[in-house]
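Peer 1: The following block contains the structure, expressed as structure tokens.
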Amino acid sequence: MHSFVTPACHGYSVQFSPFARNFLACVGGQHYGISGRGSLFVLQLTDEGIKLHSRGEWSDTLFSIAWSETSDKLCASGGGDGSVQLWDTSLGAGAPDAAMTPVAVLREHRLEVCDLSWACPRGSAQHLLSASWDSSVKLWDVEAGGGSLRTFQSHRGQVYAAKWSPHTPGLFASVAADGTAAICDVRTETGMQNVLACHQAESLSCDWNKYVHHLLVSASADGSLRGWDVRSGAQPLFVLEGQT
């Protein structure tokens with residue numbers, strides 16, 4: 001089994017490239033995210049082991065990473081300072097000792113950005129979601145640049161995750177410290193479709209079923225996973241207890 005050690009950096013997020021099965025990126029920070037700098041590591045899996053392809057540095061801890069669904073060289077990271085960094089991973093190729101800097105920085109969130117999600121290619125391909133502890137989810141058009149297109153204030157408390165639907169363009173789900181999951185549609189004026197009361201404790205993560213368009217799973221600090229039909233959501237479809 002191969003492994004890679006991120007020196008003086010505690011990892012927070014890792015994701016494989018959707019274009020090359022032997023590339024992945026991970027991010028983290030010094031001192032468990034309390035203080036210090038953040039790092040991006042782009043790694044290549046080889047027969048000899050895991051090699052450092054390129055590396056980026058940021059002034060604050062990096063908590064989240066997401067590869068673009070349309071460009072094999074573009075990825076986004078979310079920082080403890082509330083910013084979103086866009087990286088061209090080809091810039092540091094072959095020179096991992098020289099740290100890359102972002103090609104663009106999106107600054108609007110007031111607190112940590114803890115999750116990012118790129119729209120699926122058949123939807124709004126250049127649209128990026130950022131979820132933050134400032135209780136908001138922001139929608140960005142990375143290609144157009146400038147400020148965010150829209151801000152969604154669907155929760156009370158930190159937003160921990162936001163995920164685009166793989167089936168319906170413009171539809172996404174977010175979960176937060178208030179225990180809810182919000183189902184939002186960026187194509188509508190209000191944005192809000194439904195709010196599910198998922199858990200009594202914090203909702204920490206969520207994911208869409210890749211084959212059933214209306215099925216969402218939420219994970220909570222109460223130790224459970226719950227499945228939801230986002231069209232109604234009055235009661236969970238299933239509950240998996242005992243996660244510790």
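Every chain in the structure tokens has a letter given in the order shown (A, B, ...), and although residue numbers restart at 1 in each chain, ligands are simply numbered from 1 in the order shown.
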I'd like the neighbourhood of Gly28 of chain A as a list of chain:residue names, where a residue qualifies if any of its atoms comes within 7 Å (using only C-alpha atoms), though same-chain residues fewer than 3 positions away should be ignored.

Peer 2: A:Cys9, A:His10, A:Gly11, A:Tyr12, A:Ser13, A:Gly38, A:Ser39, A:Leu40, A:Thr61, A:Leu62, A:Phe63

Peer 1: For the residues in the current selection, export N, CA and C atoms as a PDB file, in the first residue's frame.

Peer 2:
ATOM      1  N   CYS A   9       1.504  19.480   7.875  1.00  0.00           N
ATOM      2  CA  CYS A   9       0.191  19.870   7.361  1.00  0.00           C
ATOM      3  C   CYS A   9      -0.813  18.780   7.692  1.00  0.00           C
ATOM      4  N   HIS A  10      -1.884  19.137   8.387  1.00  0.00           N
ATOM      5  CA  HIS A  10      -2.937  18.193   8.742  1.00  0.00           C
ATOM      6  C   HIS A  10      -4.019  18.237   7.661  1.00  0.00           C
ATOM      7  N   GLY A  11      -4.306  17.080   7.056  1.00  0.00           N
ATOM      8  CA  GLY A  11      -5.218  17.030   5.925  1.00  0.00           C
ATOM      9  C   GLY A  11      -6.676  17.194   6.315  1.00  0.00           C
ATOM     10  N   TYR A  12      -7.445  17.858   5.436  1.00  0.00           N
ATOM     11  CA  TYR A  12      -8.878  18.059   5.669  1.00  0.00           C
ATOM     12  C   TYR A  12      -9.761  17.541   4.549  1.00  0.00           C
ATOM     13  N   SER A  13      -9.247  17.497   3.323  1.00  0.00           N
ATOM     14  CA  SER A  13     -10.096  17.092   2.207  1.00  0.00           C
ATOM     15  C   SER A  13      -9.232  16.502   1.107  1.00  0.00           C
ATOM     16  N   GLY A  38      -1.953  27.227   4.820  1.00  0.00           N
ATOM     17  CA  GLY A  38      -2.607  26.084   4.212  1.00  0.00           C
ATOM     18  C   GLY A  38      -1.850  25.620   2.987  1.00  0.00           C
ATOM     19  N   SER A  39      -2.041  24.358   2.615  1.00  0.00           N
ATOM     20  CA  SER A  39      -1.323  23.791   1.477  1.00  0.00           C
ATOM     21  C   SER A  39      -2.247  22.964   0.596  1.00  0.00           C
ATOM     22  N   LEU A  40      -1.959  23.002  -0.691  1.00  0.00           N
ATOM     23  CA  LEU A  40      -2.589  22.142  -1.689  1.00  0.00           C
ATOM     24  C   LEU A  40      -1.527  21.204  -2.237  1.00  0.00           C
ATOM     25  N   THR A  61      -5.468  28.109   6.567  1.00  0.00           N
ATOM     26  CA  THR A  61      -5.781  26.699   6.363  1.00  0.00           C
ATOM     27  C   THR A  61      -6.757  26.504   5.209  1.00  0.00           C
ATOM     28  N   LEU A  62      -6.555  25.457   4.437  1.00  0.00           N
ATOM     29  CA  LEU A  62      -7.478  25.069   3.367  1.00  0.00           C
ATOM     30  C   LEU A  62      -8.304  23.876   3.847  1.00  0.00           C
ATOM     31  N   PHE A  63      -9.627  24.032   3.839  1.00  0.00           N
ATOM     32  CA  PHE A  63     -10.523  23.014   4.395  1.00  0.00           C
ATOM     33  C   PHE A  63     -11.199  22.141   3.349  1.00  0.00           C
TER      34      PHE A  63
END

Peer 1: For the strand (DSSP E) assignment from backbone DSSP, which residues of segment 10-239 of chain A qualify? Please present them as an mmCIF file with N, CA and C atoms, in the first residue's frame.

Peer 2:
data_model
loop_
_atom_site.group_PDB
_atom_site.id
_atom_site.type_symbol
_atom_site.label_atom_id
_atom_site.label_comp_id
_atom_site.auth_asym_id
_atom_site.auth_seq_id
_atom_site.Cartn_x
_atom_site.Cartn_y
_atom_site.Cartn_z
ATOM 1 N N HIS A 10 -1.884 19.137 8.387
ATOM 2 C CA HIS A 10 -2.937 18.193 8.742
ATOM 3 C C HIS A 10 -4.019 18.237 7.661
ATOM 4 N N GLY A 11 -4.306 17.080 7.056
ATOM 5 C CA GLY A 11 -5.218 17.030 5.925
ATOM 6 C C GLY A 11 -6.676 17.194 6.315
ATOM 7 N N TYR A 12 -7.445 17.858 5.436
ATOM 8 C CA TYR A 12 -8.878 18.059 5.669
ATOM 9 C C TYR A 12 -9.761 17.541 4.549
ATOM 10 N N SER A 13 -9.247 17.497 3.323
ATOM 11 C CA SER A 13 -10.096 17.092 2.207
ATOM 12 C C SER A 13 -9.232 16.502 1.107
ATOM 13 N N VAL A 14 -9.767 15.487 0.410
ATOM 14 C CA VAL A 14 -9.052 14.853 -0.691
ATOM 15 C C VAL A 14 -10.061 14.452 -1.760
ATOM 16 N N GLN A 15 -9.656 14.544 -3.024
ATOM 17 C CA GLN A 15 -10.564 14.193 -4.118
ATOM 18 C C GLN A 15 -9.778 13.757 -5.344
ATOM 19 N N PHE A 16 -10.234 12.675 -5.970
ATOM 20 C CA PHE A 16 -9.653 12.232 -7.233
ATOM 21 C C PHE A 16 -10.087 13.164 -8.364
ATOM 22 N N PHE A 23 -4.643 10.799 -10.692
ATOM 23 C CA PHE A 23 -4.365 12.099 -10.086
ATOM 24 C C PHE A 23 -5.379 12.388 -8.976
ATOM 25 N N LEU A 24 -4.900 12.947 -7.893
ATOM 26 C CA LEU A 24 -5.775 13.388 -6.829
ATOM 27 C C LEU A 24 -5.188 14.633 -6.192
ATOM 28 N N ALA A 25 -6.025 15.370 -5.489
ATOM 29 C CA ALA A 25 -5.585 16.580 -4.798
ATOM 30 C C ALA A 25 -6.052 16.521 -3.353
ATOM 31 N N CYS A 26 -5.228 17.026 -2.460
ATOM 32 C CA CYS A 26 -5.619 17.110 -1.053
ATOM 33 C C CYS A 26 -5.181 18.460 -0.491
ATOM 34 N N VAL A 27 -5.902 18.913 0.516
ATOM 35 C CA VAL A 27 -5.598 20.193 1.152
ATOM 36 C C VAL A 27 -5.588 20.026 2.665
ATOM 37 N N GLY A 28 -4.947 20.964 3.325
ATOM 38 C CA GLY A 28 -4.879 20.932 4.785
ATOM 39 C C GLY A 28 -4.256 22.200 5.318
ATOM 40 N N GLY A 29 -3.816 22.133 6.562
ATOM 41 C CA GLY A 29 -3.233 23.319 7.186
ATOM 42 C C GLY A 29 -2.393 22.970 8.391
ATOM 43 N N GLY A 38 -1.953 27.227 4.820
ATOM 44 C CA GLY A 38 -2.607 26.084 4.212
ATOM 45 C C GLY A 38 -1.850 25.620 2.987
ATOM 46 N N SER A 39 -2.041 24.358 2.615
ATOM 47 C CA SER A 39 -1.323 23.791 1.477
ATOM 48 C C SER A 39 -2.247 22.964 0.596
ATOM 49 N N LEU A 40 -1.959 23.002 -0.691
ATOM 50 C CA LEU A 40 -2.589 22.142 -1.689
ATOM 51 C C LEU A 40 -1.527 21.204 -2.237
ATOM 52 N N PHE A 41 -1.838 19.909 -2.267
ATOM 53 C CA PHE A 41 -0.934 18.918 -2.837
ATOM 54 C C PHE A 41 -1.644 18.207 -3.987
ATOM 55 N N VAL A 42 -1.091 18.300 -5.191
ATOM 56 C CA VAL A 42 -1.596 17.548 -6.332
ATOM 57 C C VAL A 42 -0.689 16.335 -6.490
ATOM 58 N N LEU A 43 -1.273 15.150 -6.382
ATOM 59 C CA LEU A 43 -0.502 13.913 -6.317
ATOM 60 C C LEU A 43 -0.776 13.029 -7.526
ATOM 61 N N GLN A 44 0.246 12.288 -7.926
ATOM 62 C CA GLN A 44 0.138 11.359 -9.040
ATOM 63 C C GLN A 44 0.458 9.954 -8.563
ATOM 64 N N LEU A 45 -0.447 9.012 -8.863
ATOM 65 C CA LEU A 45 -0.227 7.619 -8.503
ATOM 66 C C LEU A 45 0.564 6.937 -9.606
ATOM 67 N N THR A 46 1.690 6.345 -9.236
ATOM 68 C CA THR A 46 2.532 5.646 -10.202
ATOM 69 C C THR A 46 2.813 4.233 -9.698
ATOM 70 N N GLY A 49 4.878 4.424 -6.614
ATOM 71 C CA GLY A 49 4.315 5.033 -5.421
ATOM 72 C C GLY A 49 3.584 6.318 -5.752
ATOM 73 N N ILE A 50 3.351 7.133 -4.737
ATOM 74 C CA ILE A 50 2.645 8.402 -4.905
ATOM 75 C C ILE A 50 3.669 9.525 -5.004
ATOM 76 N N LYS A 51 3.611 10.277 -6.104
ATOM 77 C CA LYS A 51 4.569 11.355 -6.330
ATOM 78 C C LYS A 51 3.868 12.707 -6.275
ATOM 79 N N LEU A 52 4.599 13.699 -5.774
ATOM 80 C CA LEU A 52 4.092 15.063 -5.728
ATOM 81 C C LEU A 52 4.217 15.687 -7.111
ATOM 82 N N HIS A 53 3.072 16.017 -7.716
ATOM 83 C CA HIS A 53 3.041 16.600 -9.054
ATOM 84 C C HIS A 53 3.222 18.107 -8.990
ATOM 85 N N SER A 54 2.478 18.761 -8.093
ATOM 86 C CA SER A 54 2.584 20.206 -7.910
ATOM 87 C C SER A 54 2.042 20.562 -6.532
ATOM 88 N N ARG A 55 2.389 21.756 -6.083
ATOM 89 C CA ARG A 55 2.039 22.156 -4.714
ATOM 90 C C ARG A 55 1.663 23.633 -4.707
ATOM 91 N N GLY A 56 0.646 23.973 -3.907
ATOM 92 C CA GLY A 56 0.247 25.358 -3.738
ATOM 93 C C GLY A 56 0.236 25.755 -2.277
ATOM 94 N N GLU A 57 0.436 27.022 -2.008
ATOM 95 C CA GLU A 57 0.453 27.537 -0.639
ATOM 96 C C GLU A 57 -0.534 28.686 -0.507
ATOM 97 N N TRP A 58 -1.174 28.756 0.675
ATOM 98 C CA TRP A 58 -2.113 29.846 0.968
ATOM 99 C C TRP A 58 -1.856 30.337 2.386
ATOM 100 N N LEU A 62 -6.555 25.457 4.437
ATOM 101 C CA LEU A 62 -7.478 25.069 3.367
ATOM 102 C C LEU A 62 -8.304 23.876 3.847
ATOM 103 N N PHE A 63 -9.627 24.032 3.839
ATOM 104 C CA PHE A 63 -10.523 23.014 4.395
ATOM 105 C C PHE A 63 -11.199 22.141 3.349
ATOM 106 N N SER A 64 -11.269 22.593 2.103
ATOM 107 C CA SER A 64 -12.026 21.836 1.098
ATOM 108 C C SER A 64 -11.331 21.917 -0.249
ATOM 109 N N ILE A 65 -11.574 20.892 -1.067
ATOM 110 C CA ILE A 65 -10.993 20.834 -2.409
ATOM 111 C C ILE A 65 -12.036 20.272 -3.369
ATOM 112 N N ALA A 66 -12.054 20.775 -4.605
ATOM 113 C CA ALA A 66 -12.987 20.273 -5.619
ATOM 114 C C ALA A 66 -12.377 20.486 -6.994
ATOM 115 N N TRP A 67 -12.324 19.411 -7.787
ATOM 116 C CA TRP A 67 -11.851 19.504 -9.167
ATOM 117 C C TRP A 67 -12.968 20.031 -10.060
ATOM 118 N N LEU A 74 -7.971 22.501 -13.608
ATOM 119 C CA LEU A 74 -8.527 23.507 -12.698
ATOM 120 C C LEU A 74 -9.149 22.860 -11.468
ATOM 121 N N CYS A 75 -8.798 23.375 -10.289
ATOM 122 C CA CYS A 75 -9.470 22.957 -9.064
ATOM 123 C C CYS A 75 -9.659 24.165 -8.166
ATOM 124 N N ALA A 76 -10.571 24.032 -7.218
ATOM 125 C CA ALA A 76 -10.886 25.104 -6.281
ATOM 126 C C ALA A 76 -10.690 24.611 -4.861
ATOM 127 N N SER A 77 -10.258 25.503 -3.991
ATOM 128 C CA SER A 77 -10.107 25.178 -2.572
ATOM 129 C C SER A 77 -10.783 26.248 -1.739
ATOM 130 N N GLY A 78 -11.188 25.861 -0.530
ATOM 131 C CA GLY A 78 -11.861 26.784 0.378
ATOM 132 C C GLY A 78 -11.016 27.033 1.608
ATOM 133 N N GLY A 79 -10.858 28.290 1.989
ATOM 134 C CA GLY A 79 -9.934 28.654 3.055
ATOM 135 C C GLY A 79 -10.596 29.059 4.352
ATOM 136 N N SER A 83 -12.134 32.743 1.905
ATOM 137 C CA SER A 83 -11.908 32.910 0.472
ATOM 138 C C SER A 83 -11.946 31.568 -0.250
ATOM 139 N N VAL A 84 -12.179 31.641 -1.564
ATOM 140 C CA VAL A 84 -12.122 30.481 -2.451
ATOM 141 C C VAL A 84 -10.985 30.734 -3.433
ATOM 142 N N GLN A 85 -10.071 29.765 -3.535
ATOM 143 C CA GLN A 85 -8.916 29.901 -4.423
ATOM 144 C C GLN A 85 -9.107 29.005 -5.650
ATOM 145 N N LEU A 86 -8.768 29.527 -6.820
ATOM 146 C CA LEU A 86 -8.789 28.751 -8.061
ATOM 147 C C LEU A 86 -7.349 28.501 -8.485
ATOM 148 N N TRP A 87 -7.047 27.217 -8.772
ATOM 149 C CA TRP A 87 -5.676 26.814 -9.068
ATOM 150 C C TRP A 87 -5.593 26.180 -10.458
ATOM 151 N N ASP A 88 -4.549 26.546 -11.198
ATOM 152 C CA ASP A 88 -4.189 25.853 -12.433
ATOM 153 C C ASP A 88 -3.062 24.899 -12.072
ATOM 154 N N ALA A 104 -6.844 32.876 -9.353
ATOM 155 C CA ALA A 104 -7.915 33.805 -8.986
ATOM 156 C C ALA A 104 -8.344 33.498 -7.555
ATOM 157 N N VAL A 105 -8.864 34.512 -6.868
ATOM 158 C CA VAL A 105 -9.353 34.358 -5.494
ATOM 159 C C VAL A 105 -10.721 35.019 -5.396
ATOM 160 N N LEU A 106 -11.693 34.279 -4.864
ATOM 161 C CA LEU A 106 -13.058 34.780 -4.686
ATOM 162 C C LEU A 106 -13.256 35.102 -3.212
ATOM 163 N N ARG A 107 -13.550 36.363 -2.914
ATOM 164 C CA ARG A 107 -13.638 36.796 -1.516
ATOM 165 C C ARG A 107 -14.999 37.418 -1.231
ATOM 166 N N VAL A 113 -14.698 28.515 4.603
ATOM 167 C CA VAL A 113 -15.369 27.808 3.511
ATOM 168 C C VAL A 113 -15.033 26.329 3.662
ATOM 169 N N CYS A 114 -16.039 25.524 3.990
ATOM 170 C CA CYS A 114 -15.771 24.132 4.351
ATOM 171 C C CYS A 114 -16.237 23.122 3.299
ATOM 172 N N ASP A 115 -16.880 23.583 2.222
ATOM 173 C CA ASP A 115 -17.248 22.645 1.158
ATOM 174 C C ASP A 115 -17.420 23.401 -0.148
ATOM 175 N N LEU A 116 -17.097 22.706 -1.252
ATOM 176 C CA LEU A 116 -17.218 23.254 -2.599
ATOM 177 C C LEU A 116 -17.808 22.201 -3.509
ATOM 178 N N SER A 117 -18.558 22.633 -4.521
ATOM 179 C CA SER A 117 -19.159 21.680 -5.462
ATOM 180 C C SER A 117 -19.280 22.339 -6.829
ATOM 181 N N TRP A 118 -18.669 21.708 -7.849
ATOM 182 C CA TRP A 118 -18.802 22.171 -9.222
ATOM 183 C C TRP A 118 -20.043 21.556 -9.851
ATOM 184 N N HIS A 127 -20.366 26.785 -13.028
ATOM 185 C CA HIS A 127 -20.933 27.244 -11.766
ATOM 186 C C HIS A 127 -20.366 26.453 -10.595
ATOM 187 N N LEU A 128 -19.972 27.192 -9.563
ATOM 188 C CA LEU A 128 -19.349 26.623 -8.371
ATOM 189 C C LEU A 128 -20.151 27.043 -7.146
ATOM 190 N N LEU A 129 -20.420 26.089 -6.249
ATOM 191 C CA LEU A 129 -21.052 26.384 -4.963
ATOM 192 C C LEU A 129 -19.995 26.394 -3.875
ATOM 193 N N SER A 130 -20.122 27.339 -2.942
ATOM 194 C CA SER A 130 -19.259 27.374 -1.760
ATOM 195 C C SER A 130 -20.123 27.440 -0.516
ATOM 196 N N ALA A 131 -19.861 26.545 0.441
ATOM 197 C CA ALA A 131 -20.608 26.490 1.706
ATOM 198 C C ALA A 131 -19.711 26.995 2.826
ATOM 199 N N SER A 132 -20.283 27.829 3.700
ATOM 200 C CA SER A 132 -19.445 28.495 4.698
ATOM 201 C C SER A 132 -20.064 28.466 6.082
ATOM 202 N N VAL A 137 -24.612 29.797 1.478
ATOM 203 C CA VAL A 137 -24.074 29.114 0.303
ATOM 204 C C VAL A 137 -24.049 30.141 -0.816
ATOM 205 N N LYS A 138 -22.916 30.255 -1.500
ATOM 206 C CA LYS A 138 -22.799 31.216 -2.589
ATOM 207 C C LYS A 138 -22.621 30.495 -3.924
ATOM 208 N N LEU A 139 -23.199 31.084 -4.962
ATOM 209 C CA LEU A 139 -23.112 30.578 -6.326
ATOM 210 C C LEU A 139 -22.195 31.499 -7.122
ATOM 211 N N TRP A 140 -21.183 30.894 -7.770
ATOM 212 C CA TRP A 140 -20.201 31.662 -8.533
ATOM 213 C C TRP A 140 -20.189 31.196 -9.984
ATOM 214 N N ASP A 141 -19.978 32.146 -10.902
ATOM 215 C CA ASP A 141 -19.685 31.817 -12.291
ATOM 216 C C ASP A 141 -18.193 32.044 -12.479
ATOM 217 N N ARG A 150 -25.209 34.790 -6.610
ATOM 218 C CA ARG A 150 -26.340 34.683 -5.697
ATOM 219 C C ARG A 150 -25.870 34.136 -4.362
ATOM 220 N N THR A 151 -26.553 34.548 -3.296
ATOM 221 C CA THR A 151 -26.272 34.038 -1.955
ATOM 222 C C THR A 151 -27.529 33.416 -1.388
ATOM 223 N N PHE A 152 -27.413 32.194 -0.871
ATOM 224 C CA PHE A 152 -28.540 31.465 -0.298
ATOM 225 C C PHE A 152 -28.377 31.416 1.218
ATOM 226 N N VAL A 159 -22.988 26.256 7.685
ATOM 227 C CA VAL A 159 -23.307 25.330 6.591
ATOM 228 C C VAL A 159 -22.076 24.462 6.358
ATOM 229 N N TYR A 160 -22.259 23.153 6.448
ATOM 230 C CA TYR A 160 -21.129 22.232 6.366
ATOM 231 C C TYR A 160 -20.923 21.621 4.981
ATOM 232 N N ALA A 161 -21.980 21.545 4.181
ATOM 233 C CA ALA A 161 -21.844 20.909 2.876
ATOM 234 C C ALA A 161 -22.901 21.432 1.913
ATOM 235 N N ALA A 162 -22.539 21.477 0.638
ATOM 236 C CA ALA A 162 -23.473 21.819 -0.441
ATOM 237 C C ALA A 162 -23.122 20.955 -1.640
ATOM 238 N N LYS A 163 -24.123 20.290 -2.225
ATOM 239 C CA LYS A 163 -23.877 19.353 -3.313
ATOM 240 C C LYS A 163 -24.886 19.566 -4.438
ATOM 241 N N TRP A 164 -24.368 19.737 -5.656
ATOM 242 C CA TRP A 164 -25.238 19.786 -6.825
ATOM 243 C C TRP A 164 -25.886 18.421 -7.059
ATOM 244 N N LEU A 171 -30.218 22.339 -9.409
ATOM 245 C CA LEU A 171 -30.721 21.897 -8.105
ATOM 246 C C LEU A 171 -29.553 21.485 -7.214
ATOM 247 N N PHE A 172 -29.578 21.950 -5.949
ATOM 248 C CA PHE A 172 -28.548 21.516 -5.012
ATOM 249 C C PHE A 172 -29.141 21.348 -3.621
ATOM 250 N N ALA A 173 -28.414 20.601 -2.792
ATOM 251 C CA ALA A 173 -28.784 20.402 -1.398
ATOM 252 C C ALA A 173 -27.669 20.919 -0.506
ATOM 253 N N SER A 174 -28.027 21.451 0.654
ATOM 254 C CA SER A 174 -27.042 21.883 1.642
ATOM 255 C C SER A 174 -27.493 21.440 3.023
ATOM 256 N N VAL A 175 -26.543 21.180 3.910
ATOM 257 C CA VAL A 175 -26.842 20.773 5.287
ATOM 258 C C VAL A 175 -26.036 21.637 6.236
ATOM 259 N N ALA A 176 -26.558 21.747 7.483
ATOM 260 C CA ALA A 176 -25.970 22.727 8.385
ATOM 261 C C ALA A 176 -26.114 22.326 9.845
ATOM 262 N N THR A 180 -30.836 20.703 9.506
ATOM 263 C CA THR A 180 -31.708 20.637 8.336
ATOM 264 C C THR A 180 -30.915 20.387 7.062
ATOM 265 N N ALA A 181 -31.657 19.991 6.025
ATOM 266 C CA ALA A 181 -31.156 19.962 4.655
ATOM 267 C C ALA A 181 -32.052 20.877 3.830
ATOM 268 N N ALA A 182 -31.451 21.792 3.104
ATOM 269 C CA ALA A 182 -32.206 22.705 2.249
ATOM 270 C C ALA A 182 -32.050 22.266 0.802
ATOM 271 N N ILE A 183 -33.153 22.172 0.080
ATOM 272 C CA ILE A 183 -33.155 21.838 -1.336
ATOM 273 C C ILE A 183 -33.449 23.119 -2.103
ATOM 274 N N CYS A 184 -32.490 23.561 -2.905
ATOM 275 C CA CYS A 184 -32.602 24.852 -3.585
ATOM 276 C C CYS A 184 -32.458 24.683 -5.091
ATOM 277 N N ASP A 185 -33.120 25.570 -5.824
ATOM 278 C CA ASP A 185 -33.064 25.577 -7.278
ATOM 279 C C ASP A 185 -32.645 26.971 -7.724
ATOM 280 N N MET A 192 -35.595 28.567 -3.038
ATOM 281 C CA MET A 192 -35.901 27.496 -2.097
ATOM 282 C C MET A 192 -36.970 26.559 -2.651
ATOM 283 N N GLN A 193 -36.735 25.260 -2.538
ATOM 284 C CA GLN A 193 -37.728 24.259 -2.905
ATOM 285 C C GLN A 193 -38.322 23.578 -1.685
ATOM 286 N N ASN A 194 -37.446 23.174 -0.758
ATOM 287 C CA ASN A 194 -37.910 22.413 0.397
ATOM 288 C C ASN A 194 -36.843 22.468 1.485
ATOM 289 N N VAL A 195 -37.293 22.358 2.740
ATOM 290 C CA VAL A 195 -36.379 22.243 3.871
ATOM 291 C C VAL A 195 -36.758 20.981 4.644
ATOM 292 N N LEU A 196 -35.788 20.093 4.829
ATOM 293 C CA LEU A 196 -36.016 18.833 5.527
ATOM 294 C C LEU A 196 -35.443 18.927 6.936
ATOM 295 N N ALA A 197 -36.281 18.604 7.920
ATOM 296 C CA ALA A 197 -35.805 18.527 9.299
ATOM 297 C C ALA A 197 -35.152 17.169 9.508
ATOM 298 N N SER A 203 -26.269 18.507 11.126
ATOM 299 C CA SER A 203 -26.126 17.759 9.881
ATOM 300 C C SER A 203 -24.778 18.135 9.274
ATOM 301 N N LEU A 204 -23.900 17.143 9.134
ATOM 302 C CA LEU A 204 -22.515 17.422 8.782
ATOM 303 C C LEU A 204 -22.186 17.186 7.312
ATOM 304 N N SER A 205 -22.941 16.318 6.650
ATOM 305 C CA SER A 205 -22.625 15.987 5.263
ATOM 306 C C SER A 205 -23.872 15.461 4.558
ATOM 307 N N CYS A 206 -23.839 15.498 3.225
ATOM 308 C CA CYS A 206 -24.948 14.949 2.437
ATOM 309 C C CYS A 206 -24.428 14.512 1.081
ATOM 310 N N ASP A 207 -25.198 13.656 0.423
ATOM 311 C CA ASP A 207 -24.841 13.217 -0.925
ATOM 312 C C ASP A 207 -26.094 12.729 -1.637
ATOM 313 N N TRP A 208 -26.104 12.944 -2.967
ATOM 314 C CA TRP A 208 -27.213 12.492 -3.801
ATOM 315 C C TRP A 208 -26.965 11.075 -4.284
ATOM 316 N N LEU A 215 -33.385 10.949 -4.329
ATOM 317 C CA LEU A 215 -32.891 10.380 -3.072
ATOM 318 C C LEU A 215 -31.635 11.101 -2.598
ATOM 319 N N LEU A 216 -31.707 11.602 -1.358
ATOM 320 C CA LEU A 216 -30.598 12.291 -0.708
ATOM 321 C C LEU A 216 -30.295 11.606 0.618
ATOM 322 N N VAL A 217 -29.018 11.502 0.970
ATOM 323 C CA VAL A 217 -28.612 10.949 2.264
ATOM 324 C C VAL A 217 -27.938 12.043 3.071
ATOM 325 N N SER A 218 -28.309 12.133 4.358
ATOM 326 C CA SER A 218 -27.688 13.095 5.275
ATOM 327 C C SER A 218 -26.964 12.342 6.383
ATOM 328 N N ALA A 219 -25.850 12.919 6.843
ATOM 329 C CA ALA A 219 -25.067 12.350 7.942
ATOM 330 C C ALA A 219 -24.993 13.370 9.070
ATOM 331 N N SER A 220 -25.076 12.884 10.307
ATOM 332 C CA SER A 220 -25.218 13.805 11.436
ATOM 333 C C SER A 220 -24.281 13.477 12.588
ATOM 334 N N LEU A 225 -27.154 7.987 9.678
ATOM 335 C CA LEU A 225 -27.342 8.337 8.274
ATOM 336 C C LEU A 225 -28.823 8.189 7.964
ATOM 337 N N ARG A 226 -29.394 9.170 7.260
ATOM 338 C CA ARG A 226 -30.827 9.106 6.944
ATOM 339 C C ARG A 226 -31.039 9.392 5.466
ATOM 340 N N GLY A 227 -31.932 8.600 4.860
ATOM 341 C CA GLY A 227 -32.266 8.778 3.464
ATOM 342 C C GLY A 227 -33.572 9.533 3.307
ATOM 343 N N TRP A 228 -33.624 10.439 2.318
ATOM 344 C CA TRP A 228 -34.777 11.318 2.161
ATOM 345 C C TRP A 228 -35.252 11.363 0.711
ATOM 346 N N ASP A 229 -36.566 11.395 0.542
ATOM 347 C CA ASP A 229 -37.174 11.723 -0.736
ATOM 348 C C ASP A 229 -37.351 13.244 -0.741
ATOM 349 N N PHE A 238 -35.120 5.741 5.212
ATOM 350 C CA PHE A 238 -34.388 4.763 6.006
ATOM 351 C C PHE A 238 -33.484 5.495 6.995
ATOM 352 N N VAL A 239 -33.130 4.783 8.074
ATOM 353 C CA VAL A 239 -32.222 5.317 9.093
ATOM 354 C C VAL A 239 -31.180 4.272 9.407
#

Peer 1: Atom CA of Asp134 of chain A to atom CA of Ala234 of chain A: how many Å, to one decimal?

Peer 2: 27.4 Å

Peer 1: Quick one, how far is atom CA of Gly82 of chain A from atom CA of Ser136 of chain A?

Peer 2: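 The value is 11.2 Å.
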
Peer 1: Would you work out the distance separating atom CA of Ser68 of chain A from atom CA of Gln158 of chain A, expressed in Å to one decimal?

Peer 2: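 Answer for the atom CA of Ser68 of chain A to atom CA of Gln158 of chain A separation: 24.6 Å.
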
Peer 1: Hey, what does DSSP flag as helix (DSSP H, G or I) within segment 14-188 of chain A? Can you give it to me as a list in words?

Peer 2: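 The helix (DSSP H, G or I) subset of segment 14-188 of chain A is Gln30, His31, Tyr32, Gly33, Thr89, Ser90, Leu91 and Gly92 of chain A.
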